[in-house]
file target.cif (mmCIF, C-alpha atoms, pLDDT in the B column; chains and numbers go by the auth columns)
data_protein
loop_
_atom_site.group_PDB
_atom_site.id
_atom_site.type_symbol
_atom_site.label_atom_id
_atom_site.label_comp_id
_atom_site.label_asym_id
_atom_site.label_seq_id
_atom_site.Cartn_x
_atom_site.Cartn_y
_atom_site.Cartn_z
_atom_site.B_iso_or_equiv
_atom_site.auth_seq_id
_atom_site.auth_asym_id
ATOM 1 C CA MET A 1 34.332 -27.822 70.198 40.00 544 Q
ATOM 2 C CA LEU A 2 37.094 -27.113 67.699 49.00 545 Q
ATOM 3 C CA SER A 3 39.560 -29.686 69.011 67.00 546 Q
ATOM 4 C CA GLN A 4 40.419 -32.804 67.051 88.00 547 Q
ATOM 5 C CA PRO A 5 40.128 -36.326 68.438 95.00 548 Q
ATOM 6 C CA ARG A 6 43.428 -37.557 69.839 97.00 549 Q
ATOM 7 C CA SER A 7 43.196 -40.586 67.567 98.00 550 Q
ATOM 8 C CA GLY A 8 43.047 -38.262 64.562 97.00 551 Q
ATOM 9 C CA LEU A 9 46.174 -36.414 65.632 97.00 552 Q
ATOM 10 C CA LEU A 10 48.089 -39.624 66.312 98.00 553 Q
ATOM 11 C CA ALA A 11 47.070 -41.257 63.025 98.00 554 Q
ATOM 12 C CA SER A 12 47.594 -38.142 60.926 97.00 555 Q
ATOM 13 C CA TRP A 13 51.038 -37.335 62.295 98.00 556 Q
ATOM 14 C CA GLY A 14 51.954 -41.005 62.548 98.00 557 Q
ATOM 15 C CA ASN A 15 51.305 -41.321 58.817 98.00 558 Q
ATOM 16 C CA ALA A 16 53.341 -38.171 58.134 97.00 559 Q
ATOM 17 C CA LEU A 17 56.194 -39.626 60.173 98.00 560 Q
ATOM 18 C CA LEU A 18 56.078 -42.924 58.278 97.00 561 Q
ATOM 19 C CA ALA A 19 56.026 -41.081 54.950 95.00 562 Q
ATOM 20 C CA GLY A 20 58.967 -38.852 55.896 96.00 563 Q
ATOM 21 C CA PHE A 21 56.940 -35.637 55.965 96.00 564 Q
ATOM 22 C CA ALA A 22 57.617 -34.992 59.665 97.00 565 Q
ATOM 23 C CA SER A 23 60.453 -35.620 62.100 97.00 566 Q
ATOM 24 C CA PRO A 24 59.822 -37.754 65.213 96.00 567 Q
ATOM 25 C CA ASP A 25 60.068 -34.688 67.467 97.00 568 Q
ATOM 26 C CA ASP A 26 57.623 -32.627 65.402 97.00 569 Q
ATOM 27 C CA ALA A 27 55.194 -35.528 65.051 97.00 570 Q
ATOM 28 C CA VAL A 28 55.124 -36.305 68.770 97.00 571 Q
ATOM 29 C CA LEU A 29 54.773 -32.616 69.661 97.00 572 Q
ATOM 30 C CA ALA A 30 51.724 -32.365 67.405 96.00 573 Q
ATOM 31 C CA MET A 31 50.221 -35.592 68.748 97.00 574 Q
ATOM 32 C CA VAL A 32 50.507 -34.482 72.366 96.00 575 Q
ATOM 33 C CA GLY A 33 49.101 -31.024 71.649 92.00 576 Q
ATOM 34 C CA GLU A 34 47.981 -29.311 74.837 91.00 577 Q
ATOM 35 C CA ASP A 35 48.177 -32.495 76.916 95.00 578 Q
ATOM 36 C CA ALA A 36 50.993 -32.878 79.433 94.00 579 Q
ATOM 37 C CA LEU A 37 52.060 -36.414 78.588 95.00 580 Q
ATOM 38 C CA HIS A 38 51.277 -39.358 76.313 98.00 581 Q
ATOM 39 C CA ARG A 39 52.516 -42.872 76.948 98.00 582 Q
ATOM 40 C CA VAL A 40 51.793 -46.284 75.410 98.00 583 Q
ATOM 41 C CA GLU A 41 51.335 -49.511 77.349 98.00 584 Q
ATOM 42 C CA GLY A 42 50.981 -53.087 76.129 97.00 585 Q
ATOM 43 C CA LEU A 43 53.563 -52.909 73.348 97.00 586 Q
ATOM 44 C CA PRO A 44 55.129 -56.266 72.485 95.00 587 Q
ATOM 45 C CA GLY A 45 58.505 -56.566 74.182 91.00 588 Q
ATOM 46 C CA GLU A 46 57.804 -53.832 76.754 93.00 589 Q
ATOM 47 C CA THR A 47 56.949 -54.535 80.386 93.00 590 Q
ATOM 48 C CA GLY A 48 55.503 -51.101 81.106 95.00 591 Q
ATOM 49 C CA PRO A 49 54.403 -47.825 79.512 98.00 592 Q
ATOM 50 C CA VAL A 50 56.827 -46.091 77.144 98.00 593 Q
ATOM 51 C CA GLY A 51 56.944 -42.676 75.470 97.00 594 Q
ATOM 52 C CA LEU A 52 55.382 -41.975 72.087 97.00 595 Q
ATOM 53 C CA THR A 53 58.700 -41.710 70.241 97.00 596 Q
ATOM 54 C CA LEU A 54 59.813 -45.175 71.341 97.00 597 Q
ATOM 55 C CA ALA A 55 56.325 -46.606 70.796 98.00 598 Q
ATOM 56 C CA LEU A 56 56.036 -45.318 67.230 98.00 599 Q
ATOM 57 C CA GLY A 57 59.484 -46.647 66.423 97.00 600 Q
ATOM 58 C CA ARG A 58 58.625 -50.043 67.896 97.00 601 Q
ATOM 59 C CA LEU A 59 55.386 -50.234 65.929 98.00 602 Q
ATOM 60 C CA ARG A 60 57.257 -49.408 62.743 97.00 603 Q
ATOM 61 C CA ALA A 61 59.739 -52.176 63.502 97.00 604 Q
ATOM 62 C CA LEU A 62 56.804 -54.553 64.016 97.00 605 Q
ATOM 63 C CA GLY A 63 55.680 -53.860 60.447 97.00 606 Q
ATOM 64 C CA VAL A 64 53.253 -50.950 60.780 97.00 607 Q
ATOM 65 C CA THR A 65 53.007 -49.032 57.489 96.00 608 Q
ATOM 66 C CA GLY A 66 50.126 -46.682 58.273 97.00 609 Q
ATOM 67 C CA TYR A 67 47.398 -45.711 60.712 98.00 610 Q
ATOM 68 C CA ARG A 68 43.622 -45.554 60.427 98.00 611 Q
ATOM 69 C CA VAL A 69 41.113 -43.873 62.744 98.00 612 Q
ATOM 70 C CA ALA A 70 37.938 -45.284 64.269 98.00 613 Q
ATOM 71 C CA LEU A 71 35.262 -43.002 65.773 97.00 614 Q
ATOM 72 C CA PRO A 72 32.610 -45.441 66.994 97.00 615 Q
ATOM 73 C CA ALA A 73 29.348 -44.533 68.712 94.00 616 Q
ATOM 74 C CA PRO A 74 26.589 -46.705 70.201 93.00 617 Q
ATOM 75 C CA GLY A 75 25.039 -48.663 67.353 93.00 618 Q
ATOM 76 C CA HIS A 76 27.662 -47.458 64.889 94.00 619 Q
ATOM 77 C CA PRO A 77 31.055 -49.276 65.047 96.00 620 Q
ATOM 78 C CA LEU A 78 32.613 -46.790 62.621 96.00 621 Q
ATOM 79 C CA GLY A 79 36.143 -47.834 61.655 97.00 622 Q
ATOM 80 C CA LEU A 80 36.361 -50.868 63.942 97.00 623 Q
ATOM 81 C CA CYS A 81 37.439 -54.328 62.852 95.00 624 Q
ATOM 82 C CA GLY A 82 37.376 -56.435 66.050 95.00 625 Q
ATOM 83 C CA PRO A 83 37.893 -58.419 68.136 97.00 626 Q
ATOM 84 C CA PRO A 84 35.049 -57.674 70.590 96.00 627 Q
ATOM 85 C CA GLU A 85 37.438 -56.777 73.420 96.00 628 Q
ATOM 86 C CA PHE A 86 39.106 -54.079 71.356 98.00 629 Q
ATOM 87 C CA ASN A 87 35.785 -52.816 70.002 97.00 630 Q
ATOM 88 C CA ALA A 88 34.331 -52.497 73.501 97.00 631 Q
ATOM 89 C CA ARG A 89 37.271 -50.450 74.760 97.00 632 Q
ATOM 90 C CA ALA A 90 37.242 -48.254 71.640 98.00 633 Q
ATOM 91 C CA LEU A 91 33.494 -47.706 71.954 97.00 634 Q
ATOM 92 C CA GLU A 92 33.937 -46.618 75.560 97.00 635 Q
ATOM 93 C CA ALA A 93 36.630 -44.121 74.514 98.00 636 Q
ATOM 94 C CA GLU A 94 34.653 -43.175 71.367 96.00 637 Q
ATOM 95 C CA GLU A 95 37.868 -43.335 69.335 98.00 638 Q
ATOM 96 C CA ALA A 96 40.819 -45.542 68.447 98.00 639 Q
ATOM 97 C CA VAL A 97 43.781 -45.848 66.100 98.00 640 Q
ATOM 98 C CA ILE A 98 44.211 -49.024 64.074 98.00 641 Q
ATOM 99 C CA ALA A 99 47.588 -49.895 62.606 98.00 642 Q
ATOM 100 C CA VAL A 100 48.029 -51.101 59.045 97.00 643 Q
ATOM 101 C CA GLY A 101 50.627 -53.793 58.361 96.00 644 Q
ATOM 102 C CA ALA A 102 50.592 -55.280 61.865 97.00 645 Q
ATOM 103 C CA PRO A 103 47.607 -56.420 63.995 97.00 646 Q
ATOM 104 C CA TYR A 104 47.615 -53.728 66.661 98.00 647 Q
ATOM 105 C CA GLY A 105 45.288 -50.962 67.765 98.00 648 Q
ATOM 106 C CA LEU A 106 45.636 -48.073 70.192 98.00 649 Q
ATOM 107 C CA VAL A 107 42.866 -46.784 72.474 98.00 650 Q
ATOM 108 C CA PRO A 108 43.373 -43.663 74.611 98.00 651 Q
ATOM 109 C CA GLU A 109 42.622 -43.474 78.320 98.00 652 Q
ATOM 110 C CA VAL A 110 42.501 -39.823 79.379 97.00 653 Q
ATOM 111 C CA SER A 111 43.145 -38.734 82.977 95.00 654 Q
ATOM 112 C CA ALA A 112 43.257 -35.374 84.734 91.00 655 Q
ATOM 113 C CA VAL A 113 46.069 -35.394 87.299 86.00 656 Q
ATOM 114 C CA GLY A 114 47.590 -32.938 89.737 81.00 657 Q
ATOM 115 C CA PRO A 115 46.233 -30.828 92.613 83.00 658 Q
ATOM 116 C CA GLU A 116 43.149 -28.657 92.307 81.00 659 Q
ATOM 117 C CA GLY A 117 44.000 -25.487 90.413 78.00 660 Q
ATOM 118 C CA ASP A 118 47.014 -27.086 88.738 81.00 661 Q
ATOM 119 C CA ARG A 119 45.523 -30.071 86.958 86.00 662 Q
ATOM 120 C CA HIS A 120 46.779 -31.328 83.616 91.00 663 Q
ATOM 121 C CA VAL A 121 45.827 -34.060 81.175 94.00 664 Q
ATOM 122 C CA GLU A 122 47.765 -37.265 80.679 96.00 665 Q
ATOM 123 C CA VAL A 123 46.932 -39.917 78.089 98.00 666 Q
ATOM 124 C CA LEU A 124 47.734 -43.609 78.308 98.00 667 Q
ATOM 125 C CA TRP A 125 47.333 -45.404 74.983 98.00 668 Q
ATOM 126 C CA HIS A 126 46.489 -49.106 75.357 98.00 669 Q
ATOM 127 C CA CYS A 127 48.062 -51.219 72.616 98.00 670 Q
ATOM 128 C CA LEU A 128 45.790 -54.188 71.919 98.00 671 Q
ATOM 129 C CA PRO A 129 45.535 -56.904 69.271 97.00 672 Q
ATOM 130 C CA VAL A 130 43.100 -56.291 66.411 98.00 673 Q
ATOM 131 C CA ARG A 131 41.815 -58.334 63.520 96.00 674 Q
ATOM 132 C CA GLU A 132 43.329 -57.709 60.126 90.00 675 Q
ATOM 133 C CA ALA A 133 39.996 -56.987 58.461 90.00 676 Q
ATOM 134 C CA PRO A 134 38.380 -54.078 56.574 89.00 677 Q
ATOM 135 C CA PRO A 135 37.179 -51.325 58.933 93.00 678 Q
ATOM 136 C CA ALA A 136 33.429 -51.043 59.437 93.00 679 Q
ATOM 137 C CA ASP A 137 31.376 -48.505 57.466 93.00 680 Q
ATOM 138 C CA VAL A 138 34.248 -46.275 56.311 93.00 681 Q
ATOM 139 C CA PRO A 139 33.446 -44.442 53.058 93.00 682 Q
ATOM 140 C CA SER A 140 35.804 -43.177 50.415 93.00 683 Q
ATOM 141 C CA LEU A 141 36.742 -39.531 50.642 94.00 684 Q
ATOM 142 C CA GLY A 142 34.561 -38.604 47.672 93.00 685 Q
ATOM 143 C CA GLU A 143 31.581 -40.538 49.015 95.00 686 Q
ATOM 144 C CA ALA A 144 31.971 -38.914 52.437 93.00 687 Q
ATOM 145 C CA GLU A 145 32.066 -35.441 50.927 91.00 688 Q
ATOM 146 C CA ARG A 146 28.913 -36.026 48.858 92.00 689 Q
ATOM 147 C CA GLU A 147 26.843 -37.627 51.607 89.00 690 Q
ATOM 148 C CA LEU A 148 27.783 -34.977 54.163 84.00 691 Q
ATOM 149 C CA SER A 149 26.733 -32.168 51.824 83.00 692 Q
ATOM 150 C CA GLU A 150 23.417 -33.885 51.057 84.00 693 Q
ATOM 151 C CA ALA A 151 22.660 -34.660 54.710 74.00 694 Q
ATOM 152 C CA LEU A 152 23.484 -31.111 55.735 71.00 695 Q
ATOM 153 C CA ARG A 153 21.199 -29.667 53.055 74.00 696 Q
ATOM 154 C CA GLU A 154 18.290 -31.892 54.106 70.00 697 Q
ATOM 155 C CA ALA A 155 18.805 -31.160 57.807 64.00 698 Q
ATOM 156 C CA ALA A 156 18.980 -27.408 57.175 64.00 699 Q
ATOM 157 C CA GLU A 157 15.505 -27.487 55.629 64.00 700 Q
ATOM 158 C CA VAL A 158 14.054 -29.304 58.638 59.00 701 Q
ATOM 159 C CA LEU A 159 15.833 -27.146 61.206 57.00 702 Q
ATOM 160 C CA SER A 160 14.886 -23.954 59.424 61.00 703 Q
ATOM 161 C CA GLY A 161 11.237 -24.963 59.546 58.00 704 Q
ATOM 162 C CA LEU A 162 11.521 -25.657 63.272 53.00 705 Q
ATOM 163 C CA ASP A 163 13.487 -22.458 63.971 54.00 706 Q
ATOM 164 C CA VAL A 164 16.189 -24.403 65.804 50.00 707 Q
ATOM 165 C CA ALA A 165 19.180 -23.893 63.545 46.00 708 Q
ATOM 166 C CA ALA A 166 22.184 -22.505 65.414 48.00 709 Q
ATOM 167 C CA SER A 167 21.861 -18.735 65.297 46.00 710 Q
ATOM 168 C CA GLY A 168 22.235 -15.600 67.363 46.00 711 Q
ATOM 169 C CA PRO A 169 25.265 -13.627 68.555 46.00 712 Q
ATOM 170 C CA VAL A 170 26.860 -16.470 70.509 43.00 713 Q
ATOM 171 C CA ALA A 171 26.696 -18.870 67.597 45.00 714 Q
ATOM 172 C CA GLU A 172 27.930 -16.239 65.161 50.00 715 Q
ATOM 173 C CA ALA A 173 30.896 -15.376 67.397 46.00 716 Q
ATOM 174 C CA ILE A 174 31.938 -19.007 67.679 46.00 717 Q
ATOM 175 C CA VAL A 175 31.626 -19.626 63.946 51.00 718 Q
ATOM 176 C CA ASP A 176 33.610 -16.434 63.231 54.00 719 Q
ATOM 177 C CA ALA A 177 36.330 -17.653 65.579 48.00 720 Q
ATOM 178 C CA TYR A 178 36.425 -20.976 63.728 48.00 721 Q
ATOM 179 C CA ARG A 179 36.746 -19.256 60.374 53.00 722 Q
ATOM 180 C CA ALA A 180 39.492 -16.967 61.670 50.00 723 Q
ATOM 181 C CA ARG A 181 41.506 -19.961 62.859 47.00 724 Q
ATOM 182 C CA ALA A 182 41.030 -21.755 59.543 50.00 725 Q
ATOM 183 C CA GLU A 183 42.061 -18.689 57.565 49.00 726 Q
ATOM 184 C CA ALA A 184 45.147 -18.324 59.774 45.00 727 Q
ATOM 185 C CA GLY A 185 46.366 -21.657 58.451 45.00 728 Q
ATOM 186 C CA ARG A 186 45.324 -23.991 61.267 56.00 729 Q
ATOM 187 C CA GLU A 187 46.683 -27.424 60.429 72.00 730 Q
ATOM 188 C CA VAL A 188 43.802 -29.863 60.481 86.00 731 Q
ATOM 189 C CA LEU A 189 45.934 -32.644 58.982 94.00 732 Q
ATOM 190 C CA ALA A 190 49.634 -33.380 59.033 96.00 733 Q
ATOM 191 C CA PRO A 191 51.847 -32.522 56.040 95.00 734 Q
ATOM 192 C CA GLY A 192 51.489 -34.761 53.016 92.00 735 Q
ATOM 193 C CA TYR A 193 47.740 -35.310 53.089 95.00 736 Q
ATOM 194 C CA PRO A 194 45.789 -34.571 49.887 92.00 737 Q
ATOM 195 C CA GLN A 195 44.063 -31.185 49.841 93.00 738 Q
ATOM 196 C CA ARG A 196 40.698 -32.838 49.386 93.00 739 Q
ATOM 197 C CA ALA A 197 41.125 -34.629 52.728 95.00 740 Q
ATOM 198 C CA VAL A 198 41.853 -31.278 54.384 93.00 741 Q
ATOM 199 C CA ARG A 199 38.738 -29.755 52.794 90.00 742 Q
ATOM 200 C CA VAL A 200 36.481 -32.648 53.823 92.00 743 Q
ATOM 201 C CA LEU A 201 37.799 -32.656 57.393 93.00 744 Q
ATOM 202 C CA GLU A 202 37.274 -28.898 57.714 88.00 745 Q
ATOM 203 C CA GLN A 203 33.705 -29.303 56.462 84.00 746 Q
ATOM 204 C CA ALA A 204 33.053 -32.155 58.908 87.00 747 Q
ATOM 205 C CA GLN A 205 34.392 -30.056 61.774 84.00 748 Q
ATOM 206 C CA ARG A 206 32.192 -27.094 60.808 79.00 749 Q
ATOM 207 C CA VAL A 207 29.178 -29.389 60.677 78.00 750 Q
ATOM 208 C CA GLY A 208 30.054 -30.837 64.078 77.00 751 Q
ATOM 209 C CA LEU A 209 30.285 -27.310 65.455 75.00 752 Q
ATOM 210 C CA MET A 210 26.888 -26.391 64.043 72.00 753 Q
ATOM 211 C CA ILE A 211 25.304 -29.508 65.537 73.00 754 Q
ATOM 212 C CA ALA A 212 26.761 -28.690 68.952 72.00 755 Q
ATOM 213 C CA LEU A 213 25.467 -25.126 68.712 69.00 756 Q
ATOM 214 C CA ALA A 214 21.993 -26.302 67.708 67.00 757 Q
ATOM 215 C CA TYR A 215 21.856 -28.442 70.850 66.00 758 Q
ATOM 216 C CA GLU A 216 23.552 -26.071 73.274 62.00 759 Q
ATOM 217 C CA HIS A 217 22.104 -22.637 72.504 52.00 760 Q
ATOM 218 C CA GLY A 218 18.398 -22.722 73.122 47.00 761 Q
ATOM 219 C CA HIS A 219 15.511 -24.531 71.526 52.00 762 Q
ATOM 220 C CA GLY A 220 14.284 -21.753 69.243 51.00 763 Q
ATOM 221 C CA GLY A 221 10.711 -22.470 68.239 50.00 764 Q
ATOM 222 C CA ALA A 222 10.983 -26.202 69.002 48.00 765 Q
ATOM 223 C CA VAL A 223 9.141 -26.121 72.296 54.00 766 Q
ATOM 224 C CA SER A 224 6.895 -29.159 71.908 63.00 767 Q
ATOM 225 C CA ALA A 225 8.033 -32.737 72.400 67.00 768 Q
ATOM 226 C CA SER A 226 7.252 -33.574 68.784 68.00 769 Q
ATOM 227 C CA GLU A 227 9.319 -30.636 67.495 64.00 770 Q
ATOM 228 C CA MET A 228 12.217 -31.560 69.776 65.00 771 Q
ATOM 229 C CA ALA A 229 12.035 -35.120 68.440 68.00 772 Q
ATOM 230 C CA ALA A 230 12.004 -33.812 64.863 67.00 773 Q
ATOM 231 C CA ARG A 231 15.138 -31.800 65.559 66.00 774 Q
ATOM 232 C CA GLY A 232 16.890 -34.873 66.899 69.00 775 Q
ATOM 233 C CA GLU A 233 15.811 -36.905 63.879 72.00 776 Q
ATOM 234 C CA ALA A 234 17.212 -34.217 61.577 70.00 777 Q
ATOM 235 C CA LEU A 235 20.548 -33.934 63.379 75.00 778 Q
ATOM 236 C CA ARG A 236 21.324 -37.619 63.963 79.00 779 Q
ATOM 237 C CA PRO A 237 22.143 -38.548 60.351 79.00 780 Q
ATOM 238 C CA VAL A 238 24.182 -35.362 59.909 81.00 781 Q
ATOM 239 C CA GLU A 239 26.242 -36.171 62.996 86.00 782 Q
ATOM 240 C CA ARG A 240 26.757 -39.731 61.702 88.00 783 Q
ATOM 241 C CA PHE A 241 27.891 -38.521 58.280 89.00 784 Q
ATOM 242 C CA ALA A 242 30.175 -35.919 59.880 89.00 785 Q
ATOM 243 C CA ARG A 243 31.945 -38.663 61.815 92.00 786 Q
ATOM 244 C CA ARG A 244 32.207 -40.782 58.662 94.00 787 Q
ATOM 245 C CA ALA A 245 33.741 -37.802 56.860 94.00 788 Q
ATOM 246 C CA GLN A 246 36.272 -37.288 59.640 95.00 789 Q
ATOM 247 C CA VAL A 247 37.339 -40.922 59.508 97.00 790 Q
ATOM 248 C CA ALA A 248 37.595 -40.841 55.705 96.00 791 Q
ATOM 249 C CA SER A 249 39.795 -37.736 55.928 96.00 792 Q
ATOM 250 C CA TYR A 250 42.181 -39.144 58.520 97.00 793 Q
ATOM 251 C CA ASN A 251 42.366 -42.438 56.599 97.00 794 Q
ATOM 252 C CA ALA A 252 43.088 -40.783 53.260 95.00 795 Q
ATOM 253 C CA TYR A 253 46.831 -41.476 53.521 93.00 796 Q
ATOM 254 C CA VAL A 254 46.292 -45.218 53.862 93.00 797 Q
ATOM 255 C CA GLU A 255 43.572 -45.338 51.209 91.00 798 Q
ATOM 256 C CA GLU A 256 45.739 -43.446 48.705 87.00 799 Q
ATOM 257 C CA ARG A 257 48.734 -45.687 49.373 84.00 800 Q
ATOM 258 C CA GLU A 258 46.666 -48.845 48.987 83.00 801 Q
ATOM 259 C CA ARG A 259 45.100 -47.545 45.775 80.00 802 Q
ATOM 260 C CA ASN A 260 48.432 -46.600 44.185 77.00 803 Q
ATOM 261 C CA GLY A 261 50.525 -49.476 45.498 67.00 804 Q
ATOM 262 C CA PRO A 262 52.892 -50.051 48.454 56.00 805 Q
ATOM 263 C CA GLY A 263 55.563 -47.684 47.202 53.00 806 Q
ATOM 264 C CA ALA A 264 53.227 -44.739 46.715 51.00 807 Q
ATOM 265 C CA GLY A 265 53.124 -41.697 48.972 49.00 808 Q
ATOM 266 C CA VAL A 266 50.190 -39.451 49.748 48.00 809 Q
#
call {"tool": "encode", "arguments": {"input": "target.cif", "output": "structure tokens"}}
result
Amino acid sequence: MLSQPRSGLLASWGNALLAGFASPDDAVLAMVGEDALHRVEGLPGETGPVGLTLALGRLRALGVTGYRVALPAPGHPLGLCGPPEFNARALEAEEAVIAVGAPYGLVPEVSAVGPEGDRHVEVLWHCLPVREAPPADVPSLGEAERELSEALREAAEVLSGLDVAASGPVAEAIVDAYRARAEAGREVLAPGYPQRAVRVLEQAQRVGLMIALAYEHGHGGAVSASEMAARGEALRPVERFARRAQVASYNAYVEERERNGPGAGV
């Protein structure tokens, strides 16, 4: 529940690499994380899949100046810009990376490979054409921070009344573990991102954790169908705003650069 989307890692560290805040080796190591292997297929000029280092270099040569994240869900094409073929694949994966400066997007296909008992994860990123258009429904960082706080406050009132807020020893242990990792300096964004983006992303991740706990650890007093429906109604907008906040955080590098001009850093 505490892991980041692979698109967030690729965009964050891809932006750090472009800005000179990370070396290619460090960036790729962070992007791959605990996975065994990442490769990219569909790159212009390549007949088959290539490694991340070569792929990022090729995209830079094609004119890419930054990376945005999309975290779409059914009925909410968050961060997408078309065409329909790309949107459909991104919606199926529930995430994508969209390049800035060149009309390409990357969608991960995750596979577990290897014999039983020794399986590992490999990721194949599909490079596809995208429209050069504003991403759908992506807020500014400040807007995302405000709306997430408001939605969380409203949902807490509803959940408290229904006695379904995440609570109990299991929930407390998981939240304590999250806080311990954050206090230990867990990098939620690559070097060079503004501190506000780090703060908003951490808040969005905490909210996502709380939502998962509310669904996974019992129903509390919400035993009737109407109370269960009320819980869902309370959590849905919070989950939506948490995803919007994540996207705004990952996209902060690009937004800052566009606001301050092409030569500006983060």
call {"tool": "resolve_selection", "arguments": {"input": "target.cif", "expression": "the PyMOL selection byres ((chain Q and resi 581-591) around 10)", "output": "ChimeraX atom specification"}}
result
/Q:571,574-576,578-580,592-599,601-602,605,647,649-653,664-672
call {"tool": "atom_distance", "arguments": {"input": "target.cif", "atom1": "CA of Trp556 (chain Q)", "atom2": "CA of Gly622 (chain Q)"}}
result
18.2 Å
call {"tool": "residues_around", "arguments": {"input": "target.cif", "residues": "Val741 (chain Q)", "least_positions_apart": "4", "cutoff": "12 Å", "atoms": "all atoms listed in the file", "output": "list in words"}}
result
Ser555, Leu684, Glu688, Ala725, Gly728, Arg729, Glu730, Val731, Leu732, Ala733, Pro734, Gly735, Tyr736, Pro737, Glu745, Gln746, Ala747, Gln748, Ala788, Gln789, Val790, Ala791, Ser792, Tyr793, Asn794, Ala795 and Tyr796 of chain Q
call {"tool": "atom_distance", "arguments": {"input": "target.cif", "atom1": "CA of Met753 (chain Q)", "atom2": "CA of Ala785 (chain Q)"}}
result
10.9 Å
call {"tool": "atom_distance", "arguments": {"input": "target.cif", "atom1": "CA of Arg779 (chain Q)", "atom2": "CA of Glu686 (chain Q)"}}
result
18.4 Å
call {"tool": "resolve_selection", "arguments": {"input": "target.cif", "expression": "the PyMOL selection byres ((chain Q and resi 781) around 10)", "output": "ChimeraX atom specification"}}
result
/Q:690-699,747,750-751,754,776-780,782-787
call {"tool": "write_last_selection", "arguments": {"input": "target.cif", "atoms": "C-alpha atoms", "output": "mmCIF file, in the frame of the given file"}}
result
data_model
loop_
_atom_site.group_PDB
_atom_site.id
_atom_site.type_symbol
_atom_site.label_atom_id
_atom_site.label_comp_id
_atom_site.auth_asym_id
_atom_site.auth_seq_id
_atom_site.Cartn_x
_atom_site.Cartn_y
_atom_site.Cartn_z
ATOM 1 C CA GLU Q 690 26.843 -37.627 51.607
ATOM 2 C CA LEU Q 691 27.783 -34.977 54.163
ATOM 3 C CA SER Q 692 26.733 -32.168 51.824
ATOM 4 C CA GLU Q 693 23.417 -33.885 51.057
ATOM 5 C CA ALA Q 694 22.660 -34.660 54.710
ATOM 6 C CA LEU Q 695 23.484 -31.111 55.735
ATOM 7 C CA ARG Q 696 21.199 -29.667 53.055
ATOM 8 C CA GLU Q 697 18.290 -31.892 54.106
ATOM 9 C CA ALA Q 698 18.805 -31.160 57.807
ATOM 10 C CA ALA Q 699 18.980 -27.408 57.175
ATOM 11 C CA ALA Q 747 33.053 -32.155 58.908
ATOM 12 C CA VAL Q 750 29.178 -29.389 60.677
ATOM 13 C CA GLY Q 751 30.054 -30.837 64.078
ATOM 14 C CA ILE Q 754 25.304 -29.508 65.537
ATOM 15 C CA GLU Q 776 15.811 -36.905 63.879
ATOM 16 C CA ALA Q 777 17.212 -34.217 61.577
ATOM 17 C CA LEU Q 778 20.548 -33.934 63.379
ATOM 18 C CA ARG Q 779 21.324 -37.619 63.963
ATOM 19 C CA PRO Q 780 22.143 -38.548 60.351
ATOM 20 C CA GLU Q 782 26.242 -36.171 62.996
ATOM 21 C CA ARG Q 783 26.757 -39.731 61.702
ATOM 22 C CA PHE Q 784 27.891 -38.521 58.280
ATOM 23 C CA ALA Q 785 30.175 -35.919 59.880
ATOM 24 C CA ARG Q 786 31.945 -38.663 61.815
ATOM 25 C CA ARG Q 787 32.207 -40.782 58.662
#
call {"tool": "residues_around", "arguments": {"input": "target.cif", "residues": "region 630-641 of chain Q", "least_positions_apart": "5", "cutoff": "8 Å", "atoms": "only C-alpha atoms", "output": "VMD selection string"}}
result
chain Q and resid 548 550 to 551 553 to 554 610 to 617 620 623 to 625 647 to 652 673
call {"tool": "closest_residue", "arguments": {"input": "target.cif", "among": "Q:Arg689, Q:Ser566, Q:Ala655, Q:Ala645", "to": "Ala676 (chain Q)", "atoms": "only C-alpha atoms"}}
result
Q:Ala645
call {"tool": "closest_residue", "arguments": {"input": "target.cif", "among": "Q:Gly600, Q:Gly644, Q:Gly609, Q:Pro626", "to": "Glu798 (chain Q)", "atoms": "all atoms listed in the file"}}
result
Q:Gly609
call {"tool": "decode", "arguments": {"input": "target.cif", "residues": "region 559-566 of chain Q", "atoms": "N, CA and C atoms", "output": "PDB file, in the first residue's frame"}}
result
ATOM      1  N   ALA Q 559      14.343  14.408 -13.130  1.00  0.00           N
ATOM      2  CA  ALA Q 559      15.607  14.691 -12.432  1.00  0.00           C
ATOM      3  C   ALA Q 559      16.796  14.460 -13.354  1.00  0.00           C
ATOM      4  N   LEU Q 560      16.717  13.425 -14.171  1.00  0.00           N
ATOM      5  CA  LEU Q 560      17.781  13.141 -15.132  1.00  0.00           C
ATOM      6  C   LEU Q 560      17.896  14.259 -16.158  1.00  0.00           C
ATOM      7  N   LEU Q 561      16.764  14.698 -16.690  1.00  0.00           N
ATOM      8  CA  LEU Q 561      16.776  15.780 -17.682  1.00  0.00           C
ATOM      9  C   LEU Q 561      17.311  17.082 -17.101  1.00  0.00           C
ATOM     10  N   ALA Q 562      17.026  17.313 -15.815  1.00  0.00           N
ATOM     11  CA  ALA Q 562      17.451  18.555 -15.169  1.00  0.00           C
ATOM     12  C   ALA Q 562      18.879  18.482 -14.647  1.00  0.00           C
ATOM     13  N   GLY Q 563      19.507  17.307 -14.723  1.00  0.00           N
ATOM     14  CA  GLY Q 563      20.874  17.166 -14.236  1.00  0.00           C
ATOM     15  C   GLY Q 563      20.992  16.917 -12.750  1.00  0.00           C
ATOM     16  N   PHE Q 564      19.877  16.552 -12.102  1.00  0.00           N
ATOM     17  CA  PHE Q 564      19.909  16.265 -10.672  1.00  0.00           C
ATOM     18  C   PHE Q 564      20.234  14.803 -10.365  1.00  0.00           C
ATOM     19  N   ALA Q 565      20.268  13.960 -11.372  1.00  0.00           N
ATOM     20  CA  ALA Q 565      20.557  12.538 -11.171  1.00  0.00           C
ATOM     21  C   ALA Q 565      21.333  12.011 -12.371  1.00  0.00           C
ATOM     22  N   SER Q 566      22.201  11.050 -12.119  1.00  0.00           N
ATOM     23  CA  SER Q 566      22.943  10.400 -13.197  1.00  0.00           C
ATOM     24  C   SER Q 566      22.047   9.355 -13.850  1.00  0.00           C
TER      25      SER Q 566
END
